[in-house]
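Engineer: The structure is given below, and queries will be raised subsequently.
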Amino acid sequence: MTTITASDVNKLRTMTGAGMMDCKKALQETNGDFEAAVDFLRKKGAKISANRADRDAKEGAIIAKVLENKTFGIILQLSCETDFVAKNEDFVAFAHKLADTALANKAQNVDALKALTMDGGNVGDKIIEQVGKIGEKIDVVRYEVMEGTNLVPYIHAGNRIGVLVSLNIAPNENNFSAGKDVAMQIAALNPVALDKEDVDASVIEREMAIGMDQARAEGKPENMLEKIAQGKLGKFYKDSTLLNQEFVKDSSKTISQMLDSIEKGLTVTAFKRVSL
């Protein structure tokens, strides 16, 4: 049998990031063949992944990033099973590396991301290697892409929420700072849409029905129910659509008014929010 030295084990650990005992076993099983040992560890990860397919992976890390010119951005959610792993520096660093790879290559979806090359290997295989290393079900479960004139990223609450905001005017220090404030508000208040016109018809129908039922329960006349529900719908728009929400840092202004005061005509054209 081939003698496996501490130096050999350390070399494989450097190559794969796997644990010392896993590396030692992989080299023993493959008679010191490093390429075969890497494959052995990858297969171990795939086996663990298959065995844990039915496990809940509700924890993880969410990363939001944009290119330096702020015209392309992504939000990526890398899932895991436990909070302990989600807070691990290596796990979060791996999520950032995935996001950087996706960003640099402008990957349009998860499949495109997993087909990319990272650290000399396939991204999909690298994820499986992490499964083998950590021993939990790990995968990219959400991936959002945005393109625009001026994109602002924000990561909130220890990588538990990621936001992208698209502004309509080319980036400068003032509007980028305002965009960050808007992103923080989106993270905290979770608006359902950008403006009134963007609210799904089914949501409006549901809000109207609830408003009428509430008014009826309060003993209001039947012929007044729709008008009362319309009033409640107006309150819903103010609370739940981004541009009409009160700005949390200055409740005398809506988000729309705040942005226009920063730079005439400045507004949000789109946003994305991903949360655990």
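Identifiers in this document derive from the order of the structure tokens: chains are assigned A, B, ..., residues are numbered from 1 separately in each chain, and ligands are numbered from 1 in order of occurrence.
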Counting only C-alpha atoms, what is within 9 Å of region 144-157 of chain A, bar same-chain residues fewer than 2 positions away, as a PyMOL selection string?
Structural biologist: chain A and resi 62-67+69-76+106-110+142+159-171+176-177+179-180+183-184+187-188+269-274
Engineer: For Thr14 (chain A), list every protein, DNA or RNA residue within 12 Å, evaluated using only C-alpha atoms, and leave out those in the same chain fewer than 5 positions away; present the list as a list in words.
Structural biologist: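 That gives Ser7, Asp8, Val9, Gly19, Met20, Cys23, Phe34, Val38 and Asp119 of chain A.
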Engineer: According to DSSP computed on the backbone, where in region 8-166 of chain A is there strand (DSSP E)? Give the residues as number ranges by chain.
Structural biologist: A: 59-66, 72-80, 117-118, 121-122, 139-147, 150-156, 161-166
Engineer: Just how far from CA of Tyr143 (chain A) is CA of Leu266 (chain A), in Å to one decimal?
Structural biologist: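 That distance, rounded to one decimal, is 27.3 Å.
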Engineer: Using DSSP on the backbone coordinates, identify all residues within region 17-250 of chain A classified as helix (DSSP H, G or I); present the result as a PyMOL selection string.
Structural biologist: chain A and resi 20-29+34-51+83-86+89-105+110-114+123-134+173-189+196-198+201-217+222-240+242-244
Engineer: Hey, what's within 6 Å of Ile138 (chain A) if we count only C-alpha atoms and toss same-chain stuff fewer than 3 positions away? As number ranges by chain, please?
Structural biologist: A: 79-80, 131
Engineer: Selection from above, C-alpha atoms, as a PDB file, in the first residue's frame, can you write it?
Structural biologist:
ATOM      1  CA  SER A  79     -28.770  27.300   0.954  1.00  0.00           C
ATOM      2  CA  CYS A  80     -27.712  25.009   3.784  1.00  0.00           C
ATOM      3  CA  VAL A 131     -21.487  19.209   0.332  1.00  0.00           C
TER       4      VAL A 131
END
Engineer: Which one of A:Ala217, A:Ile262, A:Ile204, A:Ala209 sits closest to Ser240 (chain A) if you count only C-alpha atoms?
Structural biologist: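 Selected residue with least distance to Ser240 (chain A): A:Ile204.
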Engineer: Give me, please, the distance in Å between CA of Lys133 (chain A) and CA of Asp111 (chain A), quoted to one decimal.
Structural biologist: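 Result for CA of Lys133 (chain A) versus CA of Asp111 (chain A): 22.3 Å, one decimal.
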Engineer: Quote the spacing between CA of Asn10 (chain A) and CA of Val92 (chain A) in Å to one decimal place.
Structural biologist: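 For CA of Asn10 (chain A) relative to CA of Val92 (chain A), the distance reads 22.8 Å.
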Engineer: List the neighbours of Leu116 (chain A) out to 10 Å using only C-alpha atoms; skip same-chain residues closer than 6 positions along the sequence, and give me the result as a list in words.
Structural biologist: Leu98, Thr101, Ala102, Asn105, Ala107, Asn122, Val123 and Gly124 of chain A
Engineer: Would you pick out the contacts of Gly211 (chain A) at 9 Å or less, using only C-alpha atoms, so that residues sharing its chain but fewer than 5 positions from it are not included, and give the list as a list of chain:residue names?
Structural biologist: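 Non-adjacent residues within range: A:Arg206, A:Arg216, A:Leu225, A:Glu226, A:Ile228, A:Ala229, A:Gln230, A:Gly231, A:Lys232, A:Leu233.
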Engineer: Pick out the residues sitting within 8 Å of region 248-259 of chain A, and hand them over as a list in words; count only C-alpha atoms, and ignore anything fewer than 4 positions along from it in its own chain.
Structural biologist: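 With the cut-off at 8 Å, the set is Asn175, Ala178, Val182, Gln185, Leu242, Leu243, Asn244, Glu263, Lys264, Gly265, Leu266 and Thr267 of chain A.
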Engineer: Could you write out that same residue set with C-alpha atoms as a PDB file, in the first residue's frame?
Structural biologist:
ATOM      1  CA  ASN A 175     -28.091  59.192  -5.981  1.00  0.00           C
ATOM      2  CA  ALA A 178     -30.266  57.559  -1.875  1.00  0.00           C
ATOM      3  CA  VAL A 182     -34.301  52.799  -0.724  1.00  0.00           C
ATOM      4  CA  GLN A 185     -36.390  50.288   3.125  1.00  0.00           C
ATOM      5  CA  LEU A 242     -42.490  51.328  -2.836  1.00  0.00           C
ATOM      6  CA  LEU A 243     -42.802  54.748  -4.487  1.00  0.00           C
ATOM      7  CA  ASN A 244     -45.862  55.615  -2.365  1.00  0.00           C
ATOM      8  CA  GLU A 263     -31.984  64.759  -7.991  1.00  0.00           C
ATOM      9  CA  LYS A 264     -34.775  66.089 -10.178  1.00  0.00           C
ATOM     10  CA  GLY A 265     -36.492  63.224 -11.988  1.00  0.00           C
ATOM     11  CA  LEU A 266     -34.657  60.502 -10.026  1.00  0.00           C
ATOM     12  CA  THR A 267     -36.799  57.406  -9.496  1.00  0.00           C
TER      13      THR A 267
END
Engineer: Counting only C-alpha atoms, figure out which residue out of A:Ala95, A:Ile128, A:Ile210, A:Val203 gets nearest to Phe40 (chain A).
Structural biologist: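 Distance minimum relative to Phe40 (chain A) lands on A:Ile128.
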